[in-house]
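Asks: What follows is entry_38.cif; its format and atoms are mmCIF, N, CA and C atoms.
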data_model
#
loop_
_atom_site.group_PDB
_atom_site.id
_atom_site.type_symbol
_atom_site.label_atom_id
_atom_site.label_comp_id
_atom_site.auth_asym_id
_atom_site.auth_seq_id
_atom_site.Cartn_x
_atom_site.Cartn_y
_atom_site.Cartn_z
ATOM 1 N N MET A 1 -20.348 -5.892 24.858
ATOM 2 C CA MET A 1 -19.840 -6.066 23.501
ATOM 3 C C MET A 1 -18.671 -7.050 23.547
ATOM 4 N N SER A 2 -18.694 -8.067 22.698
ATOM 5 C CA SER A 2 -17.617 -9.050 22.686
ATOM 6 C C SER A 2 -16.383 -8.462 22.009
ATOM 7 N N ASP A 3 -15.236 -9.132 22.208
ATOM 8 C CA ASP A 3 -13.989 -8.652 21.607
ATOM 9 C C ASP A 3 -14.089 -8.561 20.088
ATOM 10 N N SER A 4 -14.790 -9.514 19.459
ATOM 11 C CA SER A 4 -14.888 -9.507 17.997
ATOM 12 C C SER A 4 -15.770 -8.375 17.479
ATOM 13 N N GLN A 5 -16.592 -7.773 18.361
ATOM 14 C CA GLN A 5 -17.469 -6.690 17.943
ATOM 15 C C GLN A 5 -16.889 -5.312 18.251
ATOM 16 N N ARG A 6 -15.809 -5.250 18.975
ATOM 17 C CA ARG A 6 -15.209 -3.955 19.321
ATOM 18 C C ARG A 6 -14.610 -3.296 18.089
ATOM 19 N N LEU A 7 -14.733 -1.997 18.056
ATOM 20 C CA LEU A 7 -14.149 -1.237 16.958
ATOM 21 C C LEU A 7 -12.664 -1.064 17.198
ATOM 22 N N ILE A 8 -11.895 -1.102 16.133
ATOM 23 C CA ILE A 8 -10.467 -0.908 16.254
ATOM 24 C C ILE A 8 -10.116 0.509 15.829
ATOM 25 N N PRO A 9 -9.027 1.057 16.356
ATOM 26 C CA PRO A 9 -8.613 2.402 15.944
ATOM 27 C C PRO A 9 -7.986 2.379 14.549
ATOM 28 N N CYS A 10 -7.917 3.542 13.948
ATOM 29 C CA CYS A 10 -7.335 3.673 12.611
ATOM 30 C C CYS A 10 -5.921 3.096 12.559
ATOM 31 N N SER A 11 -5.135 3.329 13.586
ATOM 32 C CA SER A 11 -3.750 2.853 13.571
ATOM 33 C C SER A 11 -3.694 1.334 13.410
ATOM 34 N N ASP A 12 -4.582 0.611 14.070
ATOM 35 C CA ASP A 12 -4.617 -0.851 13.933
ATOM 36 C C ASP A 12 -5.080 -1.262 12.544
ATOM 37 N N ALA A 13 -6.086 -0.593 12.036
ATOM 38 C CA ALA A 13 -6.600 -0.931 10.706
ATOM 39 C C ALA A 13 -5.533 -0.695 9.639
ATOM 40 N N VAL A 14 -4.872 0.456 9.686
ATOM 41 C CA VAL A 14 -3.855 0.794 8.683
ATOM 42 C C VAL A 14 -2.660 -0.145 8.792
ATOM 43 N N ARG A 15 -2.278 -0.485 10.002
ATOM 44 C CA ARG A 15 -1.134 -1.370 10.216
ATOM 45 C C ARG A 15 -1.368 -2.747 9.587
ATOM 46 N N GLN A 16 -2.604 -3.157 9.472
ATOM 47 C CA GLN A 16 -2.922 -4.494 8.955
ATOM 48 C C GLN A 16 -3.394 -4.502 7.501
ATOM 49 N N LEU A 17 -3.358 -3.351 6.833
ATOM 50 C CA LEU A 17 -3.923 -3.287 5.484
ATOM 51 C C LEU A 17 -3.269 -4.246 4.497
ATOM 52 N N TRP A 18 -1.956 -4.379 4.515
ATOM 53 C CA TRP A 18 -1.287 -5.253 3.552
ATOM 54 C C TRP A 18 -1.671 -6.707 3.790
ATOM 55 N N GLU A 19 -1.684 -7.111 5.062
ATOM 56 C CA GLU A 19 -2.091 -8.478 5.375
ATOM 57 C C GLU A 19 -3.567 -8.687 5.025
ATOM 58 N N TYR A 20 -4.382 -7.663 5.261
ATOM 59 C CA TYR A 20 -5.804 -7.706 4.919
ATOM 60 C C TYR A 20 -5.975 -7.939 3.417
ATOM 61 N N LEU A 21 -5.229 -7.218 2.613
ATOM 62 C CA LEU A 21 -5.314 -7.374 1.158
ATOM 63 C C LEU A 21 -4.839 -8.754 0.709
ATOM 64 N N ASP A 22 -3.917 -9.336 1.459
ATOM 65 C CA ASP A 22 -3.410 -10.669 1.134
ATOM 66 C C ASP A 22 -4.269 -11.780 1.733
ATOM 67 N N HIS A 23 -5.328 -11.388 2.436
ATOM 68 C CA HIS A 23 -6.191 -12.354 3.142
ATOM 69 C C HIS A 23 -5.377 -13.181 4.134
ATOM 70 N N ALA A 24 -4.426 -12.493 4.795
ATOM 71 C CA ALA A 24 -3.531 -13.155 5.737
ATOM 72 C C ALA A 24 -3.820 -12.750 7.181
ATOM 73 N N VAL A 25 -5.017 -12.258 7.442
ATOM 74 C CA VAL A 25 -5.418 -11.929 8.811
ATOM 75 C C VAL A 25 -6.434 -12.968 9.267
ATOM 76 N N SER A 26 -6.562 -13.106 10.553
ATOM 77 C CA SER A 26 -7.526 -14.062 11.094
ATOM 78 C C SER A 26 -8.944 -13.635 10.713
ATOM 79 N N PRO A 27 -9.872 -14.565 10.727
ATOM 80 C CA PRO A 27 -11.266 -14.190 10.439
ATOM 81 C C PRO A 27 -11.784 -13.102 11.388
ATOM 82 N N GLN A 28 -11.352 -13.131 12.636
ATOM 83 C CA GLN A 28 -11.775 -12.111 13.595
ATOM 84 C C GLN A 28 -11.211 -10.748 13.216
ATOM 85 N N ASP A 29 -9.928 -10.711 12.835
ATOM 86 C CA ASP A 29 -9.330 -9.441 12.416
ATOM 87 C C ASP A 29 -9.943 -8.960 11.113
ATOM 88 N N GLN A 30 -10.237 -9.873 10.208
ATOM 89 C CA GLN A 30 -10.902 -9.514 8.950
ATOM 90 C C GLN A 30 -12.219 -8.805 9.247
ATOM 91 N N GLU A 31 -12.986 -9.371 10.173
ATOM 92 C CA GLU A 31 -14.269 -8.793 10.547
ATOM 93 C C GLU A 31 -14.093 -7.408 11.180
ATOM 94 N N LYS A 32 -13.103 -7.268 12.039
ATOM 95 C CA LYS A 32 -12.851 -5.977 12.687
ATOM 96 C C LYS A 32 -12.452 -4.915 11.664
ATOM 97 N N ILE A 33 -11.592 -5.297 10.728
ATOM 98 C CA ILE A 33 -11.147 -4.342 9.710
ATOM 99 C C ILE A 33 -12.306 -3.995 8.783
ATOM 100 N N ASP A 34 -13.075 -4.995 8.389
ATOM 101 C CA ASP A 34 -14.253 -4.731 7.551
ATOM 102 C C ASP A 34 -15.197 -3.750 8.234
ATOM 103 N N ARG A 35 -15.438 -3.972 9.516
ATOM 104 C CA ARG A 35 -16.343 -3.096 10.268
ATOM 105 C C ARG A 35 -15.769 -1.670 10.328
ATOM 106 N N HIS A 36 -14.468 -1.563 10.581
ATOM 107 C CA HIS A 36 -13.828 -0.249 10.639
ATOM 108 C C HIS A 36 -13.938 0.458 9.281
ATOM 109 N N LEU A 37 -13.665 -0.277 8.209
ATOM 110 C CA LEU A 37 -13.713 0.318 6.873
ATOM 111 C C LEU A 37 -15.129 0.708 6.462
ATOM 112 N N SER A 38 -16.118 0.130 7.105
ATOM 113 C CA SER A 38 -17.498 0.457 6.753
ATOM 114 C C SER A 38 -17.892 1.870 7.184
ATOM 115 N N PHE A 39 -17.115 2.471 8.088
ATOM 116 C CA PHE A 39 -17.454 3.831 8.520
ATOM 117 C C PHE A 39 -16.301 4.833 8.421
ATOM 118 N N CYS A 40 -15.088 4.385 8.236
ATOM 119 C CA CYS A 40 -13.942 5.300 8.263
ATOM 120 C C CYS A 40 -13.471 5.644 6.852
ATOM 121 N N ARG A 41 -13.781 6.852 6.425
ATOM 122 C CA ARG A 41 -13.414 7.286 5.072
ATOM 123 C C ARG A 41 -11.907 7.409 4.914
ATOM 124 N N ARG A 42 -11.223 7.840 5.980
ATOM 125 C CA ARG A 42 -9.766 7.998 5.900
ATOM 126 C C ARG A 42 -9.108 6.659 5.606
ATOM 127 N N CYS A 43 -9.497 5.637 6.339
ATOM 128 C CA CYS A 43 -8.890 4.320 6.147
ATOM 129 C C CYS A 43 -9.302 3.706 4.813
ATOM 130 N N CYS A 44 -10.503 4.006 4.345
ATOM 131 C CA CYS A 44 -10.901 3.554 3.013
ATOM 132 C C CYS A 44 -9.981 4.165 1.960
ATOM 133 N N GLY A 45 -9.608 5.412 2.163
ATOM 134 C CA GLY A 45 -8.663 6.056 1.259
ATOM 135 C C GLY A 45 -7.300 5.384 1.306
ATOM 136 N N GLU A 46 -6.860 5.014 2.500
ATOM 137 C CA GLU A 46 -5.589 4.312 2.645
ATOM 138 C C GLU A 46 -5.651 2.943 1.972
ATOM 139 N N LEU A 47 -6.787 2.276 2.088
ATOM 140 C CA LEU A 47 -6.965 0.973 1.453
ATOM 141 C C LEU A 47 -6.896 1.114 -0.062
ATOM 142 N N GLU A 48 -7.578 2.111 -0.606
ATOM 143 C CA GLU A 48 -7.545 2.324 -2.050
ATOM 144 C C GLU A 48 -6.129 2.645 -2.516
ATOM 145 N N PHE A 49 -5.409 3.455 -1.739
ATOM 146 C CA PHE A 49 -4.031 3.772 -2.078
ATOM 147 C C PHE A 49 -3.181 2.499 -2.062
ATOM 148 N N ALA A 50 -3.355 1.660 -1.051
ATOM 149 C CA ALA A 50 -2.592 0.410 -0.966
ATOM 150 C C ALA A 50 -2.889 -0.486 -2.165
ATOM 151 N N LYS A 51 -4.150 -0.536 -2.570
ATOM 152 C CA LYS A 51 -4.516 -1.336 -3.747
ATOM 153 C C LYS A 51 -3.839 -0.791 -5.003
ATOM 154 N N GLU A 52 -3.869 0.534 -5.155
ATOM 155 C CA GLU A 52 -3.238 1.153 -6.324
ATOM 156 C C GLU A 52 -1.736 0.922 -6.316
ATOM 157 N N LEU A 53 -1.119 1.055 -5.153
ATOM 158 C CA LEU A 53 0.322 0.859 -5.054
ATOM 159 C C LEU A 53 0.688 -0.587 -5.367
ATOM 160 N N ARG A 54 -0.078 -1.535 -4.851
ATOM 161 C CA ARG A 54 0.175 -2.950 -5.146
ATOM 162 C C ARG A 54 0.082 -3.208 -6.642
ATOM 163 N N ALA A 55 -0.947 -2.656 -7.273
ATOM 164 C CA ALA A 55 -1.122 -2.854 -8.712
ATOM 165 C C ALA A 55 0.051 -2.246 -9.485
ATOM 166 N N PHE A 56 0.474 -1.073 -9.055
ATOM 167 C CA PHE A 56 1.593 -0.416 -9.716
ATOM 168 C C PHE A 56 2.868 -1.237 -9.562
ATOM 169 N N LEU A 57 3.131 -1.686 -8.341
ATOM 170 C CA LEU A 57 4.347 -2.461 -8.092
ATOM 171 C C LEU A 57 4.330 -3.796 -8.823
ATOM 172 N N ALA A 58 3.142 -4.348 -9.035
ATOM 173 C CA ALA A 58 3.023 -5.622 -9.742
ATOM 174 C C ALA A 58 3.225 -5.462 -11.247
ATOM 175 N N SER A 59 3.010 -4.248 -11.739
ATOM 176 C CA SER A 59 3.184 -4.021 -13.181
ATOM 177 C C SER A 59 4.672 -3.890 -13.500
ATOM 178 N N GLN A 60 5.013 -4.257 -14.670
ATOM 179 C CA GLN A 60 6.408 -4.168 -15.118
ATOM 180 C C GLN A 60 6.619 -2.953 -16.015
ATOM 181 N N GLU A 61 5.632 -2.062 -16.039
ATOM 182 C CA GLU A 61 5.657 -0.964 -16.998
ATOM 183 C C GLU A 61 6.507 0.223 -16.559
ATOM 184 N N ALA A 62 6.573 0.495 -15.279
ATOM 185 C CA ALA A 62 7.216 1.725 -14.830
ATOM 186 C C ALA A 62 8.514 1.418 -14.086
ATOM 187 N N ASP A 63 9.497 2.248 -14.333
ATOM 188 C CA ASP A 63 10.776 2.102 -13.645
ATOM 189 C C ASP A 63 10.793 2.868 -12.331
ATOM 190 N N GLU A 64 9.965 3.903 -12.222
ATOM 191 C CA GLU A 64 9.977 4.766 -11.041
ATOM 192 C C GLU A 64 8.549 5.141 -10.659
ATOM 193 N N LEU A 65 8.336 5.338 -9.365
ATOM 194 C CA LEU A 65 7.019 5.764 -8.895
ATOM 195 C C LEU A 65 6.695 7.155 -9.415
ATOM 196 N N PRO A 66 5.458 7.381 -9.842
ATOM 197 C CA PRO A 66 5.065 8.744 -10.205
ATOM 198 C C PRO A 66 5.196 9.649 -8.977
ATOM 199 N N PRO A 67 5.510 10.918 -9.177
ATOM 200 C CA PRO A 67 5.729 11.823 -8.037
ATOM 201 C C PRO A 67 4.571 11.865 -7.047
ATOM 202 N N HIS A 68 3.316 11.870 -7.518
ATOM 203 C CA HIS A 68 2.187 11.943 -6.586
ATOM 204 C C HIS A 68 2.074 10.667 -5.748
ATOM 205 N N VAL A 69 2.438 9.524 -6.314
ATOM 206 C CA VAL A 69 2.404 8.268 -5.564
ATOM 207 C C VAL A 69 3.538 8.252 -4.545
ATOM 208 N N LYS A 70 4.704 8.690 -4.953
ATOM 209 C CA LYS A 70 5.853 8.735 -4.050
ATOM 210 C C LYS A 70 5.580 9.668 -2.876
ATOM 211 N N ASP A 71 4.998 10.846 -3.142
ATOM 212 C CA ASP A 71 4.670 11.796 -2.068
ATOM 213 C C ASP A 71 3.680 11.194 -1.088
ATOM 214 N N ARG A 72 2.664 10.550 -1.605
ATOM 215 C CA ARG A 72 1.651 9.969 -0.708
ATOM 216 C C ARG A 72 2.236 8.811 0.094
ATOM 217 N N LEU A 73 3.061 7.996 -0.513
ATOM 218 C CA LEU A 73 3.710 6.898 0.190
ATOM 219 C C LEU A 73 4.615 7.431 1.309
ATOM 220 N N GLU A 74 5.340 8.484 1.049
ATOM 221 C CA GLU A 74 6.193 9.074 2.083
ATOM 222 C C GLU A 74 5.367 9.637 3.230
ATOM 223 N N ARG A 75 4.244 10.290 2.916
ATOM 224 C CA ARG A 75 3.354 10.809 3.970
ATOM 225 C C ARG A 75 2.773 9.657 4.800
ATOM 226 N N PHE A 76 2.401 8.587 4.126
ATOM 227 C CA PHE A 76 1.863 7.416 4.807
ATOM 228 C C PHE A 76 2.900 6.825 5.760
ATOM 229 N N MET A 77 4.120 6.670 5.271
ATOM 230 C CA MET A 77 5.172 6.046 6.083
ATOM 231 C C MET A 77 5.544 6.910 7.294
ATOM 232 N N THR A 78 5.517 8.214 7.147
ATOM 233 C CA THR A 78 5.840 9.072 8.297
ATOM 234 C C THR A 78 4.710 9.121 9.297
ATOM 235 N N GLY A 79 3.492 8.753 8.875
ATOM 236 C CA GLY A 79 2.347 8.755 9.771
ATOM 237 C C GLY A 79 2.219 7.510 10.624
ATOM 238 N N LEU A 80 3.011 6.474 10.329
ATOM 239 C CA LEU A 80 2.929 5.227 11.111
ATOM 240 C C LEU A 80 3.614 5.393 12.386
#
So, in terms of structure tokens, how does the structure I just supplied come out?

Replies:
Amino acid sequence: MSDSQRLIPCSDAVRQLWEYLDHAVSPQDQEKIDRHLSFCRRCCGELEFAKELRAFLASQEADELPPHVKDRLERFMTGL
């Protein structure tokens, strides 16, 4: 199996999610993350959360994070 075909662990996928969303990862890393997300439900959940958080932060509507978003963000940050 070549390096580009190897599966990456969840920690690597989650660590690169923001860059992945910004399309700021190499094509090889993009492929690895895509492959990981194709089977890992946990990381898909983290990706969806990151998308929701980005959308929320981009909006000018709210002054403070909703409690459920803040709790999940804190759990995410302590898990890194």

Asks: Any idea what the distance is between atom CA of A:Ala55 and atom C of A:Asp22?

Replies: 14.1 Å

Asks: Report the distance between atom CA of A:Glu19 and atom CA of A:Glu31 in Å, rounded to one decimal place.

Replies: 13.2 Å

Asks: At a cut-off of 12 Å, using only C-alpha atoms, what residues contact stretch 41-50 of chain A? Leave out same-chain residues fewer than 5 positions from it and give the result as a PDB file with N, CA and C atoms, in the frame of the given file.

Replies:
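The resulting file, out36.pdb, is shown below:
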ATOM      1  N   ILE A   8     -11.895  -1.102  16.133  1.00  0.00           N
ATOM      2  CA  ILE A   8     -10.467  -0.908  16.254  1.00  0.00           C
ATOM      3  C   ILE A   8     -10.116   0.509  15.829  1.00  0.00           C
ATOM      4  N   PRO A   9      -9.027   1.057  16.356  1.00  0.00           N
ATOM      5  CA  PRO A   9      -8.613   2.402  15.944  1.00  0.00           C
ATOM      6  C   PRO A   9      -7.986   2.379  14.549  1.00  0.00           C
ATOM      7  N   CYS A  10      -7.917   3.542  13.948  1.00  0.00           N
ATOM      8  CA  CYS A  10      -7.335   3.673  12.611  1.00  0.00           C
ATOM      9  C   CYS A  10      -5.921   3.096  12.559  1.00  0.00           C
ATOM     10  N   SER A  11      -5.135   3.329  13.586  1.00  0.00           N
ATOM     11  CA  SER A  11      -3.750   2.853  13.571  1.00  0.00           C
ATOM     12  C   SER A  11      -3.694   1.334  13.410  1.00  0.00           C
ATOM     13  N   ASP A  12      -4.582   0.611  14.070  1.00  0.00           N
ATOM     14  CA  ASP A  12      -4.617  -0.851  13.933  1.00  0.00           C
ATOM     15  C   ASP A  12      -5.080  -1.262  12.544  1.00  0.00           C
ATOM     16  N   ALA A  13      -6.086  -0.593  12.036  1.00  0.00           N
ATOM     17  CA  ALA A  13      -6.600  -0.931  10.706  1.00  0.00           C
ATOM     18  C   ALA A  13      -5.533  -0.695   9.639  1.00  0.00           C
ATOM     19  N   VAL A  14      -4.872   0.456   9.686  1.00  0.00           N
ATOM     20  CA  VAL A  14      -3.855   0.794   8.683  1.00  0.00           C
ATOM     21  C   VAL A  14      -2.660  -0.145   8.792  1.00  0.00           C
ATOM     22  N   ARG A  15      -2.278  -0.485  10.002  1.00  0.00           N
ATOM     23  CA  ARG A  15      -1.134  -1.370  10.216  1.00  0.00           C
ATOM     24  C   ARG A  15      -1.368  -2.747   9.587  1.00  0.00           C
ATOM     25  N   GLN A  16      -2.604  -3.157   9.472  1.00  0.00           N
ATOM     26  CA  GLN A  16      -2.922  -4.494   8.955  1.00  0.00           C
ATOM     27  C   GLN A  16      -3.394  -4.502   7.501  1.00  0.00           C
ATOM     28  N   LEU A  17      -3.358  -3.351   6.833  1.00  0.00           N
ATOM     29  CA  LEU A  17      -3.923  -3.287   5.484  1.00  0.00           C
ATOM     30  C   LEU A  17      -3.269  -4.246   4.497  1.00  0.00           C
ATOM     31  N   TRP A  18      -1.956  -4.379   4.515  1.00  0.00           N
ATOM     32  CA  TRP A  18      -1.287  -5.253   3.552  1.00  0.00           C
ATOM     33  C   TRP A  18      -1.671  -6.707   3.790  1.00  0.00           C
ATOM     34  N   GLU A  19      -1.684  -7.111   5.062  1.00  0.00           N
ATOM     35  CA  GLU A  19      -2.091  -8.478   5.375  1.00  0.00           C
ATOM     36  C   GLU A  19      -3.567  -8.687   5.025  1.00  0.00           C
ATOM     37  N   TYR A  20      -4.382  -7.663   5.261  1.00  0.00           N
ATOM     38  CA  TYR A  20      -5.804  -7.706   4.919  1.00  0.00           C
ATOM     39  C   TYR A  20      -5.975  -7.939   3.417  1.00  0.00           C
ATOM     40  N   LEU A  21      -5.229  -7.218   2.613  1.00  0.00           N
ATOM     41  CA  LEU A  21      -5.314  -7.374   1.158  1.00  0.00           C
ATOM     42  C   LEU A  21      -4.839  -8.754   0.709  1.00  0.00           C
ATOM     43  N   ASP A  22      -3.917  -9.336   1.459  1.00  0.00           N
ATOM     44  CA  ASP A  22      -3.410 -10.669   1.134  1.00  0.00           C
ATOM     45  C   ASP A  22      -4.269 -11.780   1.733  1.00  0.00           C
ATOM     46  N   ILE A  33     -11.592  -5.297  10.728  1.00  0.00           N
ATOM     47  CA  ILE A  33     -11.147  -4.342   9.710  1.00  0.00           C
ATOM     48  C   ILE A  33     -12.306  -3.995   8.783  1.00  0.00           C
ATOM     49  N   ASP A  34     -13.075  -4.995   8.389  1.00  0.00           N
ATOM     50  CA  ASP A  34     -14.253  -4.731   7.551  1.00  0.00           C
ATOM     51  C   ASP A  34     -15.197  -3.750   8.234  1.00  0.00           C
ATOM     52  N   ARG A  35     -15.438  -3.972   9.516  1.00  0.00           N
ATOM     53  CA  ARG A  35     -16.343  -3.096  10.268  1.00  0.00           C
ATOM     54  C   ARG A  35     -15.769  -1.670  10.328  1.00  0.00           C
ATOM     55  N   HIS A  36     -14.468  -1.563  10.581  1.00  0.00           N
ATOM     56  CA  HIS A  36     -13.828  -0.249  10.639  1.00  0.00           C
ATOM     57  C   HIS A  36     -13.938   0.458   9.281  1.00  0.00           C
ATOM     58  N   ALA A  55      -0.947  -2.656  -7.273  1.00  0.00           N
ATOM     59  CA  ALA A  55      -1.122  -2.854  -8.712  1.00  0.00           C
ATOM     60  C   ALA A  55       0.051  -2.246  -9.485  1.00  0.00           C
ATOM     61  N   PHE A  56       0.474  -1.073  -9.055  1.00  0.00           N
ATOM     62  CA  PHE A  56       1.593  -0.416  -9.716  1.00  0.00           C
ATOM     63  C   PHE A  56       2.868  -1.237  -9.562  1.00  0.00           C
ATOM     64  N   LEU A  57       3.131  -1.686  -8.341  1.00  0.00           N
ATOM     65  CA  LEU A  57       4.347  -2.461  -8.092  1.00  0.00           C
ATOM     66  C   LEU A  57       4.330  -3.796  -8.823  1.00  0.00           C
ATOM     67  N   HIS A  68       3.316  11.870  -7.518  1.00  0.00           N
ATOM     68  CA  HIS A  68       2.187  11.943  -6.586  1.00  0.00           C
ATOM     69  C   HIS A  68       2.074  10.667  -5.748  1.00  0.00           C
ATOM     70  N   VAL A  69       2.438   9.524  -6.314  1.00  0.00           N
ATOM     71  CA  VAL A  69       2.404   8.268  -5.564  1.00  0.00           C
ATOM     72  C   VAL A  69       3.538   8.252  -4.545  1.00  0.00           C
ATOM     73  N   LYS A  70       4.704   8.690  -4.953  1.00  0.00           N
ATOM     74  CA  LYS A  70       5.853   8.735  -4.050  1.00  0.00           C
ATOM     75  C   LYS A  70       5.580   9.668  -2.876  1.00  0.00           C
ATOM     76  N   ASP A  71       4.998  10.846  -3.142  1.00  0.00           N
ATOM     77  CA  ASP A  71       4.670  11.796  -2.068  1.00  0.00           C
ATOM     78  C   ASP A  71       3.680  11.194  -1.088  1.00  0.00           C
ATOM     79  N   ARG A  72       2.664  10.550  -1.605  1.00  0.00           N
ATOM     80  CA  ARG A  72       1.651   9.969  -0.708  1.00  0.00           C
ATOM     81  C   ARG A  72       2.236   8.811   0.094  1.00  0.00           C
ATOM     82  N   LEU A  73       3.061   7.996  -0.513  1.00  0.00           N
ATOM     83  CA  LEU A  73       3.710   6.898   0.190  1.00  0.00           C
ATOM     84  C   LEU A  73       4.615   7.431   1.309  1.00  0.00           C
ATOM     85  N   ARG A  75       4.244  10.290   2.916  1.00  0.00           N
ATOM     86  CA  ARG A  75       3.354  10.809   3.970  1.00  0.00           C
ATOM     87  C   ARG A  75       2.773   9.657   4.800  1.00  0.00           C
ATOM     88  N   PHE A  76       2.401   8.587   4.126  1.00  0.00           N
ATOM     89  CA  PHE A  76       1.863   7.416   4.807  1.00  0.00           C
ATOM     90  C   PHE A  76       2.900   6.825   5.760  1.00  0.00           C
ATOM     91  N   MET A  77       4.120   6.670   5.271  1.00  0.00           N
ATOM     92  CA  MET A  77       5.172   6.046   6.083  1.00  0.00           C
ATOM     93  C   MET A  77       5.544   6.910   7.294  1.00  0.00           C
ATOM     94  N   GLY A  79       3.492   8.753   8.875  1.00  0.00           N
ATOM     95  CA  GLY A  79       2.347   8.755   9.771  1.00  0.00           C
ATOM     96  C   GLY A  79       2.219   7.510  10.624  1.00  0.00           C
TER      97      GLY A  79
END

Asks: So what do you get for atom CA of A:Ser59 versus atom C of A:Val25, distance-wise?

Replies: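 Going from atom CA of A:Ser59 over to atom C of A:Val25 covers 26.0 Å.
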
Asks: Reconstruct stretch 28-43 of chain A at the level of N, CA, C and O atoms, and format the result as an mmCIF file, in the coordinates of the input.

Replies:
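That gives us selection-v4.cif:
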data_model
loop_
_atom_site.group_PDB
_atom_site.id
_atom_site.type_symbol
_atom_site.label_atom_id
_atom_site.label_comp_id
_atom_site.auth_asym_id
_atom_site.auth_seq_id
_atom_site.Cartn_x
_atom_site.Cartn_y
_atom_site.Cartn_z
ATOM 1 N N GLN A 28 -11.352 -13.131 12.636
ATOM 2 C CA GLN A 28 -11.775 -12.111 13.595
ATOM 3 C C GLN A 28 -11.211 -10.748 13.216
ATOM 4 O O GLN A 28 -11.919 -9.736 13.266
ATOM 5 N N ASP A 29 -9.928 -10.711 12.835
ATOM 6 C CA ASP A 29 -9.330 -9.441 12.416
ATOM 7 C C ASP A 29 -9.943 -8.960 11.113
ATOM 8 O O ASP A 29 -10.150 -7.761 10.922
ATOM 9 N N GLN A 30 -10.237 -9.873 10.208
ATOM 10 C CA GLN A 30 -10.902 -9.514 8.950
ATOM 11 C C GLN A 30 -12.219 -8.805 9.247
ATOM 12 O O GLN A 30 -12.526 -7.764 8.677
ATOM 13 N N GLU A 31 -12.986 -9.371 10.173
ATOM 14 C CA GLU A 31 -14.269 -8.793 10.547
ATOM 15 C C GLU A 31 -14.093 -7.408 11.180
ATOM 16 O O GLU A 31 -14.836 -6.472 10.863
ATOM 17 N N LYS A 32 -13.103 -7.268 12.039
ATOM 18 C CA LYS A 32 -12.851 -5.977 12.687
ATOM 19 C C LYS A 32 -12.452 -4.915 11.664
ATOM 20 O O LYS A 32 -12.920 -3.778 11.723
ATOM 21 N N ILE A 33 -11.592 -5.297 10.728
ATOM 22 C CA ILE A 33 -11.147 -4.342 9.710
ATOM 23 C C ILE A 33 -12.306 -3.995 8.783
ATOM 24 O O ILE A 33 -12.505 -2.820 8.443
ATOM 25 N N ASP A 34 -13.075 -4.995 8.389
ATOM 26 C CA ASP A 34 -14.253 -4.731 7.551
ATOM 27 C C ASP A 34 -15.197 -3.750 8.234
ATOM 28 O O ASP A 34 -15.696 -2.815 7.605
ATOM 29 N N ARG A 35 -15.438 -3.972 9.516
ATOM 30 C CA ARG A 35 -16.343 -3.096 10.268
ATOM 31 C C ARG A 35 -15.769 -1.670 10.328
ATOM 32 O O ARG A 35 -16.478 -0.698 10.126
ATOM 33 N N HIS A 36 -14.468 -1.563 10.581
ATOM 34 C CA HIS A 36 -13.828 -0.249 10.639
ATOM 35 C C HIS A 36 -13.938 0.458 9.281
ATOM 36 O O HIS A 36 -14.285 1.634 9.221
ATOM 37 N N LEU A 37 -13.665 -0.277 8.209
ATOM 38 C CA LEU A 37 -13.713 0.318 6.873
ATOM 39 C C LEU A 37 -15.129 0.708 6.462
ATOM 40 O O LEU A 37 -15.314 1.558 5.595
ATOM 41 N N SER A 38 -16.118 0.130 7.105
ATOM 42 C CA SER A 38 -17.498 0.457 6.753
ATOM 43 C C SER A 38 -17.892 1.870 7.184
ATOM 44 O O SER A 38 -18.884 2.403 6.695
ATOM 45 N N PHE A 39 -17.115 2.471 8.088
ATOM 46 C CA PHE A 39 -17.454 3.831 8.520
ATOM 47 C C PHE A 39 -16.301 4.833 8.421
ATOM 48 O O PHE A 39 -16.530 6.029 8.512
ATOM 49 N N CYS A 40 -15.088 4.385 8.236
ATOM 50 C CA CYS A 40 -13.942 5.300 8.263
ATOM 51 C C CYS A 40 -13.471 5.644 6.852
ATOM 52 O O CYS A 40 -12.835 4.829 6.180
ATOM 53 N N ARG A 41 -13.781 6.852 6.425
ATOM 54 C CA ARG A 41 -13.414 7.286 5.072
ATOM 55 C C ARG A 41 -11.907 7.409 4.914
ATOM 56 O O ARG A 41 -11.356 7.132 3.854
ATOM 57 N N ARG A 42 -11.223 7.840 5.980
ATOM 58 C CA ARG A 42 -9.766 7.998 5.900
ATOM 59 C C ARG A 42 -9.108 6.659 5.606
ATOM 60 O O ARG A 42 -8.267 6.546 4.717
ATOM 61 N N CYS A 43 -9.497 5.637 6.339
ATOM 62 C CA CYS A 43 -8.890 4.320 6.147
ATOM 63 C C CYS A 43 -9.302 3.706 4.813
ATOM 64 O O CYS A 43 -8.510 2.975 4.198
#
